[in-house]
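File shown here: start-v9.csv, holding CSV, C-alpha atoms.
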```csv
chain,number,residue,atom,x,y,z
A,1,MET,CA,108.0,97.1,126.4
A,2,PRO,CA,104.6,95.7,127.5
A,3,GLN,CA,104.0,92.2,126.1
A,4,LEU,CA,100.9,90.3,125.3
A,5,PRO,CA,100.5,87.0,127.3
A,6,ALA,CA,101.6,85.0,124.3
A,7,ALA,CA,104.5,82.6,123.6
A,8,ASP,CA,107.1,83.4,121.0
A,9,TYR,CA,107.3,81.5,117.7
A,10,PRO,CA,109.6,78.5,117.6
A,11,ALA,CA,113.2,79.5,116.9
A,12,ASP,CA,113.1,78.2,113.3
A,13,VAL,CA,109.8,79.9,112.5
A,14,ARG,CA,111.0,83.2,114.1
A,15,ALA,CA,114.2,83.2,112.1
A,16,ARG,CA,112.3,82.7,108.9
A,17,LEU,CA,109.8,85.4,109.7
A,18,GLU,CA,112.6,87.8,110.8
A,19,ALA,CA,114.3,87.4,107.4
A,20,ASP,CA,111.0,88.1,105.6
A,21,ALA,CA,110.3,91.0,107.9
A,22,GLY,CA,113.7,92.5,107.3
A,23,GLU,CA,113.0,92.5,103.5
A,24,LEU,CA,109.6,94.3,104.1
A,25,ILE,CA,111.0,96.9,106.6
A,26,ALA,CA,113.8,97.8,104.2
A,27,ARG,CA,111.2,99.1,101.7
A,28,TYR,CA,110.1,102.0,104.0
A,29,PRO,CA,112.0,105.1,105.3
A,30,ASP,CA,110.2,104.6,108.6
A,31,SER,CA,110.1,101.1,109.9
A,32,ARG,CA,106.7,101.5,111.5
A,33,SER,CA,105.2,102.0,108.0
A,34,ALA,CA,105.8,98.3,107.5
A,35,LEU,CA,103.2,97.3,110.1
A,36,LEU,CA,100.4,96.5,107.6
A,37,PRO,CA,102.4,94.2,105.4
A,38,LEU,CA,103.9,92.6,108.5
A,39,LEU,CA,100.4,91.8,109.8
A,40,HIS,CA,99.7,90.1,106.5
A,41,LEU,CA,103.0,88.2,106.9
A,42,VAL,CA,102.1,86.8,110.3
A,43,GLN,CA,98.5,86.1,109.1
A,44,ALA,CA,100.1,84.0,106.4
A,45,GLU,CA,101.8,81.9,109.0
A,46,GLU,CA,98.7,80.7,111.0
A,47,GLY,CA,95.7,81.9,109.0
A,48,TYR,CA,94.9,84.7,111.3
A,49,VAL,CA,96.7,87.4,113.4
A,50,THR,CA,97.5,85.6,116.6
A,51,ARG,CA,98.7,87.2,119.8
A,52,THR,CA,102.1,85.7,119.0
A,53,GLY,CA,102.0,87.4,115.6
A,54,MET,CA,101.2,90.7,117.2
A,55,ARG,CA,104.0,90.3,119.6
A,56,PHE,CA,106.4,89.5,116.8
A,57,CYS,CA,105.4,92.7,114.9
A,58,ALA,CA,105.9,94.8,118.0
A,59,ASP,CA,109.4,93.3,118.6
A,60,VAL,CA,110.7,93.8,115.1
A,61,LEU,CA,109.2,97.3,114.7
A,62,ASP,CA,110.0,98.5,118.2
A,63,LEU,CA,106.4,99.3,118.9
A,64,THR,CA,104.2,98.5,121.9
A,65,THR,CA,101.8,95.6,121.6
A,66,ALA,CA,99.0,98.1,122.2
A,67,GLU,CA,100.0,100.0,119.1
A,68,VAL,CA,100.1,96.8,117.0
A,69,THR,CA,96.8,95.5,118.5
A,70,ALA,CA,95.1,98.9,117.7
A,71,VAL,CA,95.9,98.4,114.0
A,72,ALA,CA,95.3,94.7,113.8
A,73,THR,CA,91.8,95.1,115.3
A,74,PHE,CA,90.9,98.1,113.2
A,75,TYR,CA,91.1,96.6,109.7
A,76,SER,CA,88.7,93.9,108.8
A,77,MET,CA,91.2,92.3,106.4
A,78,TYR,CA,93.0,90.9,109.4
A,79,ARG,CA,91.3,87.9,110.9
A,80,ARG,CA,91.2,87.7,114.7
A,81,LYS,CA,90.3,84.0,114.8
A,82,GLN,CA,91.0,80.9,112.8
A,83,GLY,CA,89.1,80.7,109.6
A,84,GLY,CA,88.8,78.5,106.5
A,85,ASP,CA,91.1,78.0,103.5
A,86,TYR,CA,88.7,80.1,101.4
A,87,GLN,CA,87.2,83.4,102.6
A,88,VAL,CA,83.9,83.8,100.7
A,89,GLY,CA,82.8,87.4,100.8
A,90,VAL,CA,79.4,88.4,99.5
A,91,CYS,CA,78.9,92.1,98.6
A,92,THR,CA,75.8,93.4,100.4
A,93,ASN,CA,76.3,97.0,99.7
A,94,THR,CA,73.5,98.9,98.0
A,95,LEU,CA,73.8,98.0,94.3
A,96,CYS,CA,74.8,94.4,94.8
A,97,ALA,CA,72.2,94.0,97.5
A,98,VAL,CA,69.3,95.1,95.2
A,99,MET,CA,70.7,93.0,92.4
A,100,GLY,CA,70.6,89.9,94.5
A,101,GLY,CA,73.5,90.1,97.0
A,102,ASP,CA,71.3,89.9,100.0
A,103,ALA,CA,69.5,86.8,98.5
A,104,ILE,CA,72.9,85.2,97.8
A,105,PHE,CA,74.1,85.8,101.4
A,106,GLU,CA,71.0,84.4,102.9
A,107,SER,CA,71.2,81.4,100.6
A,108,LEU,CA,74.8,80.7,101.5
A,109,LYS,CA,74.2,81.0,105.2
A,110,GLU,CA,71.4,78.4,105.0
A,111,HIS,CA,73.4,76.1,102.6
A,112,LEU,CA,76.6,76.1,104.6
A,113,GLY,CA,75.0,76.2,108.0
A,114,VAL,CA,77.0,79.2,109.2
A,115,ASP,CA,76.4,82.8,110.0
A,116,ASN,CA,78.4,85.9,109.1
A,117,GLY,CA,82.1,85.4,110.0
A,118,GLU,CA,81.7,81.7,110.8
A,119,THR,CA,83.5,78.7,109.2
A,120,THR,CA,82.2,75.4,108.0
A,121,GLU,CA,82.8,72.4,110.1
A,122,ASP,CA,85.3,71.0,107.6
A,123,GLY,CA,87.4,74.2,107.9
A,124,THR,CA,87.1,75.0,104.2
A,125,VAL,CA,84.9,78.1,103.9
A,126,THR,CA,84.5,81.2,106.0
A,127,LEU,CA,81.5,83.2,105.0
A,128,GLU,CA,81.2,87.0,105.4
A,129,HIS,CA,79.4,89.9,104.0
A,130,ILE,CA,81.5,92.6,102.4
A,131,GLU,CA,80.4,96.3,102.2
A,132,CYS,CA,81.8,96.8,98.7
A,133,ASN,CA,83.9,94.7,96.3
A,134,ALA,CA,84.5,97.7,94.0
A,135,ALA,CA,82.9,95.9,91.1
A,136,CYS,CA,79.4,97.4,90.8
A,137,ASP,CA,79.2,96.9,87.1
A,138,PHE,CA,79.3,93.1,87.7
A,139,ALA,CA,76.8,93.1,90.5
A,140,PRO,CA,76.1,91.0,92.4
A,141,VAL,CA,79.7,90.0,93.1
A,142,VAL,CA,81.2,87.3,95.3
A,143,MET,CA,84.9,87.3,96.2
A,144,VAL,CA,86.9,84.2,97.2
A,145,ASN,CA,90.2,85.2,98.8
A,146,TRP,CA,89.8,88.5,97.1
A,147,GLU,CA,89.4,87.1,93.6
A,148,PHE,CA,86.3,88.1,91.6
A,149,PHE,CA,83.3,85.9,90.8
A,150,ASP,CA,81.0,88.2,88.9
A,151,ASN,CA,77.2,88.3,88.1
A,152,GLN,CA,76.4,85.6,90.7
A,153,THR,CA,73.0,84.1,91.6
A,154,PRO,CA,72.1,82.1,94.7
A,155,ALA,CA,72.4,78.9,92.7
A,156,SER,CA,75.8,79.7,91.1
A,157,ALA,CA,77.1,80.8,94.6
A,158,ARG,CA,76.0,77.5,96.1
A,159,ARG,CA,77.8,75.6,93.3
A,160,LEU,CA,80.9,77.7,93.9
A,161,VAL,CA,81.1,76.9,97.6
A,162,ASP,CA,80.3,73.2,96.9
A,163,ASP,CA,83.2,73.1,94.5
A,164,LEU,CA,85.5,74.8,97.0
A,165,ARG,CA,84.6,72.2,99.7
A,166,THR,CA,85.1,69.2,97.4
A,167,GLY,CA,88.4,70.4,96.0
A,168,ALA,CA,87.1,70.9,92.4
A,169,THR,CA,89.0,73.4,90.2
A,170,VAL,CA,87.4,76.8,90.5
A,171,GLU,CA,88.3,79.6,88.1
A,172,PRO,CA,87.6,83.3,89.0
A,173,THR,CA,85.8,85.4,86.5
A,174,ARG,CA,88.9,87.5,86.1
A,175,GLY,CA,92.2,87.9,87.8
A,176,ALA,CA,94.7,85.4,89.1
A,177,PRO,CA,93.9,81.7,89.8
A,178,LEU,CA,92.7,80.9,93.3
A,179,CYS,CA,95.1,80.1,96.1
A,180,SER,CA,94.6,79.5,99.8
A,181,PHE,CA,93.9,82.2,102.3
A,182,LYS,CA,97.4,81.9,103.8
A,183,GLU,CA,99.0,82.1,100.4
A,184,THR,CA,96.9,85.2,99.6
A,185,SER,CA,98.0,86.8,102.8
A,186,ARG,CA,101.6,86.4,101.9
A,187,ILE,CA,101.0,87.9,98.5
A,188,LEU,CA,99.3,90.9,100.2
A,189,ALA,CA,102.3,91.2,102.4
A,190,GLY,CA,104.2,92.2,99.3
A,191,PHE,CA,105.9,89.0,98.2
A,192,PRO,CA,105.7,87.9,94.6
A,193,ASP,CA,103.2,85.4,93.4
A,194,GLU,CA,105.5,82.7,92.0
A,195,ARG,CA,102.8,80.5,90.5
A,196,ALA,CA,103.2,80.0,86.7
A,197,GLY,CA,100.9,82.4,84.8
A,198,ALA,CA,99.5,84.1,87.9
A,199,VAL,CA,101.2,87.5,87.3
A,200,ASP,CA,100.1,87.5,83.7
A,201,ALA,CA,96.4,87.0,84.7
A,202,THR,CA,94.4,90.2,84.8
A,203,GLY,CA,91.0,91.4,85.6
A,204,GLY,CA,90.1,94.9,84.5
A,205,ALA,CA,87.0,96.9,85.1
A,206,GLY,CA,84.0,96.3,82.9
A,207,PRO,CA,82.4,98.5,80.2
A,208,ALA,CA,80.1,100.3,82.6
A,209,SER,CA,83.0,101.4,84.8
A,210,LEU,CA,85.0,102.6,81.8
A,211,ILE,CA,82.4,104.5,79.9
A,212,GLY,CA,83.5,107.8,81.5
A,213,LEU,CA,87.1,107.3,80.5
A,214,ARG,CA,86.0,106.4,77.0
A,215,LEU,CA,84.0,109.6,76.7
A,216,ALA,CA,86.9,111.7,78.1
A,217,ARG,CA,89.2,110.1,75.4
A,218,GLY,CA,86.6,110.8,72.6
A,219,GLU,CA,86.3,107.0,72.0
A,220,SER,CA,82.5,107.0,72.4
A,221,ALA,CA,79.9,109.4,71.2
A,222,ALA,CA,77.9,111.0,74.0
A,223,ARG,CA,74.2,110.2,74.2
A,224,VAL,CA,72.4,113.1,75.6
A,225,VAL,CA,69.0,112.3,77.1
A,226,HIS,CA,66.5,114.9,78.1
A,227,PRO,CA,65.5,114.5,81.8
A,228,ARG,CA,61.8,114.2,80.7
A,229,ALA,CA,62.5,111.9,77.7
A,230,GLY,CA,59.3,111.3,75.8
A,231,HIS,CA,57.6,114.4,77.3
A,232,HIS,CA,59.6,117.2,75.8
A,233,ASP,CA,57.9,120.6,75.7
A,234,PRO,CA,58.9,122.2,72.4
A,235,HIS,CA,58.1,125.6,73.8
A,236,ALA,CA,60.3,125.3,76.8
A,237,PRO,CA,63.7,127.1,76.8
A,238,GLN,CA,66.5,124.8,75.8
A,239,THR,CA,69.1,123.8,78.3
A,240,PRO,CA,72.6,122.2,77.7
A,241,GLN,CA,71.1,118.8,78.1
A,242,ASP,CA,68.5,119.5,75.4
A,243,THR,CA,71.2,120.2,72.8
A,244,PRO,CA,72.4,117.2,70.8
A,245,ALA,CA,76.1,116.4,71.2
A,246,PRO,CA,78.1,118.0,68.3
A,247,ASP,CA,79.1,115.7,65.4
A,248,PRO,CA,82.9,115.7,65.3
A,249,SER,CA,82.7,114.9,61.5
A,250,HIS,CA,81.3,118.3,60.7
A,251,PRO,CA,83.2,121.5,61.6
A,252,ALA,CA,81.4,124.1,63.7
A,253,GLY,CA,80.1,127.2,62.0
A,254,PRO,CA,77.1,128.4,60.0
A,255,ALA,CA,75.3,125.9,57.9
A,256,SER,CA,75.5,126.0,54.1
A,257,GLY,CA,73.5,129.0,52.8
A,258,ASP,CA,73.2,130.7,56.2
A,259,THR,CA,75.0,134.0,55.3
A,260,GLU,CA,74.5,137.4,56.8
A,261,GLU,CA,72.7,138.4,53.5
A,262,GLY,CA,70.3,135.5,53.8
A,263,ALA,CA,69.7,135.8,57.5
```
Please lay out the structure from this file as structure tokens.
Amino acid sequence: MPQLPAADYPADVRARLEADAGELIARYPDSRSALLPLLHLVQAEEGYVTRTGMRFCADVLDLTTAEVTAVATFYSMYRRKQGGDYQVGVCTNTLCAVMGGDAIFESLKEHLGVDNGETTEDGTVTLEHIECNAACDFAPVVMVNWEFFDNQTPASARRLVDDLRTGATVEPTRGAPLCSFKETSRILAGFPDERAGAVDATGGAGPASLIGLRLARGESAARVVHPRAGHHDPHAPQTPQDTPAPDPSHPAGPASGDTEEGA
């Protein structure tokens, strides 16, 4: 099998990783399906996917190093160089950007003295822009090691990274308490988060994301708005969106007094 020009792990480290890898591989009918969690596993070891880590994955899965490298370099969730203890990702996709994400990102670059994908000199924070954090109803959103910090501003984001760098306690808006990037990588590999209370912590979607589900369940009355609200032409033919939503408290049928005789 072709090998990367990389040394192997020390014997004790390799033995520990092989035990963890065996547990992960056993969860899949085809061993190669365990490659993604194994890449998280080796990333948890050194903070990024090293050539040694890719060689390890190839060895235990009986893959070529080229196959492993192709996957490790395709997904942005795998670091290719050493980074900080905290990965600060600023959403700069459309909604977050127009709500202030671009301003937050530019502010943090200046405040930290780093560019996209770079790490502060103290090795604490790696800054990067994220295409979407899947939390549009809380825009603009910043994520630290994939935990949510919602409704941010340039000022609040600067305070956040300052607290991270000084070791102050930082609480995500929702979800589990923060842990280091290495610890996060191990959790993403599929191992349980053994910190007290971490599993019980939750962070669901906000009201704006759930309105469609509430409507489908009949938990919220529909508000039908004419596309030309305030400029309705009473002589124009009605369309479905012109018709008020039915009131579930009144059964459908002719109104009182509207009989065939009185029609």
For His40 (chain A), work out the shell of residues within 7 Å, counting only C-alpha atoms and skipping chain neighbours fewer than 4 positions away, then give it as an mmCIF file with C-alpha atoms, in the coordinates of the input.
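Just written: part_33.cif:
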```cif
data_model
loop_
_atom_site.group_PDB
_atom_site.id
_atom_site.type_symbol
_atom_site.label_atom_id
_atom_site.label_comp_id
_atom_site.auth_asym_id
_atom_site.auth_seq_id
_atom_site.Cartn_x
_atom_site.Cartn_y
_atom_site.Cartn_z
ATOM 1 C CA LEU A 36 100.400 96.500 107.600
ATOM 2 C CA ALA A 44 100.100 84.000 106.400
ATOM 3 C CA SER A 185 98.000 86.800 102.800
ATOM 4 C CA ARG A 186 101.600 86.400 101.900
ATOM 5 C CA LEU A 188 99.300 90.900 100.200
ATOM 6 C CA ALA A 189 102.300 91.200 102.400
#
```
Distance in Å - CA of Met99 (chain A) versus CA of Pro207 (chain A): 17.8 Å
Which residue of A:Ile211, A:Cys57, A:Val71, A:Ala198 approaches Leu178 (chain A) most closely, using all atoms listed in the file: A:Ala198
Exercise: Phe148 (chain A) partners within 7 Å, all atoms listed in the file, chain neighbours under 3 positions left out, as a list of chain:residue names: A:Val142, A:Met143, A:Val144, A:Pro172, A:Thr173, A:Arg174
Residues near Leu38 (chain A), cut-off 10 Å, all atoms listed in the file, skip fewer than 6 positions along chain, as a PyMOL selection string: chain A and resi 17+20-22+24-25+32+44+53-54+56-58+60-61+186+188-190
Which residue of A:Thr124, A:Asn93, A:Thr73, A:Thr64 approaches Asp162 (chain A) most closely, using only C-alpha atoms: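 When distances to Asp162 (chain A) are compared using only C-alpha atoms, the smallest one comes from A:Thr124.
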Interatomic distance, CA of Glu67 (chain A) to CA of Arg14 (chain A) (Å, one decimal):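 Straight-line distance from CA of Glu67 (chain A) to CA of Arg14 (chain A) works out to 20.7 Å.
Of note, CA of Ala155 (chain A) and CA of Ser209 (chain A) are spaced 26.1 Å apart.
If all atoms listed in the file are the atoms counted, then among A:Leu112, A:Leu39, A:Val49, A:Ile187 the closest residue to Ala157 (chain A) is A:Leu112.
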Counting only C-alpha atoms, the residue of A:Thr52, A:Asn151, A:Gln87, A:Thr169 that sits nearest Ala135 (chain A):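 Under the stated criterion, the closest residue is A:Asn151.
Of the listed residues (A:Leu127, A:Ala216, A:Ala176, A:Leu63), A:Ala176 comes nearest to Asp200 (chain A); the distances count all atoms listed in the file.
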Residues at most 10 Å from Asp115 (chain A), counting only C-alpha atoms, excluding those fewer than 6 positions away in the same chain, as a PDB file with C-alpha atoms, keeping the file's coordinate frame?
```pdb
ATOM      1  CA  PHE A 105      74.100  85.800 101.400  1.00  0.00           C
ATOM      2  CA  GLU A 106      71.000  84.400 102.900  1.00  0.00           C
ATOM      3  CA  LEU A 108      74.800  80.700 101.500  1.00  0.00           C
ATOM      4  CA  LYS A 109      74.200  81.000 105.200  1.00  0.00           C
ATOM      5  CA  THR A 126      84.500  81.200 106.000  1.00  0.00           C
ATOM      6  CA  LEU A 127      81.500  83.200 105.000  1.00  0.00           C
ATOM      7  CA  GLU A 128      81.200  87.000 105.400  1.00  0.00           C
ATOM      8  CA  HIS A 129      79.400  89.900 104.000  1.00  0.00           C
TER       9      HIS A 129
END
```
Contacts of Gly83 (chain A) at 8 Å (all atoms listed in the file; same-chain gap of 6+ positions) as a PyMOL selection string: chain A and resi 47-48+118-119+123+125-126
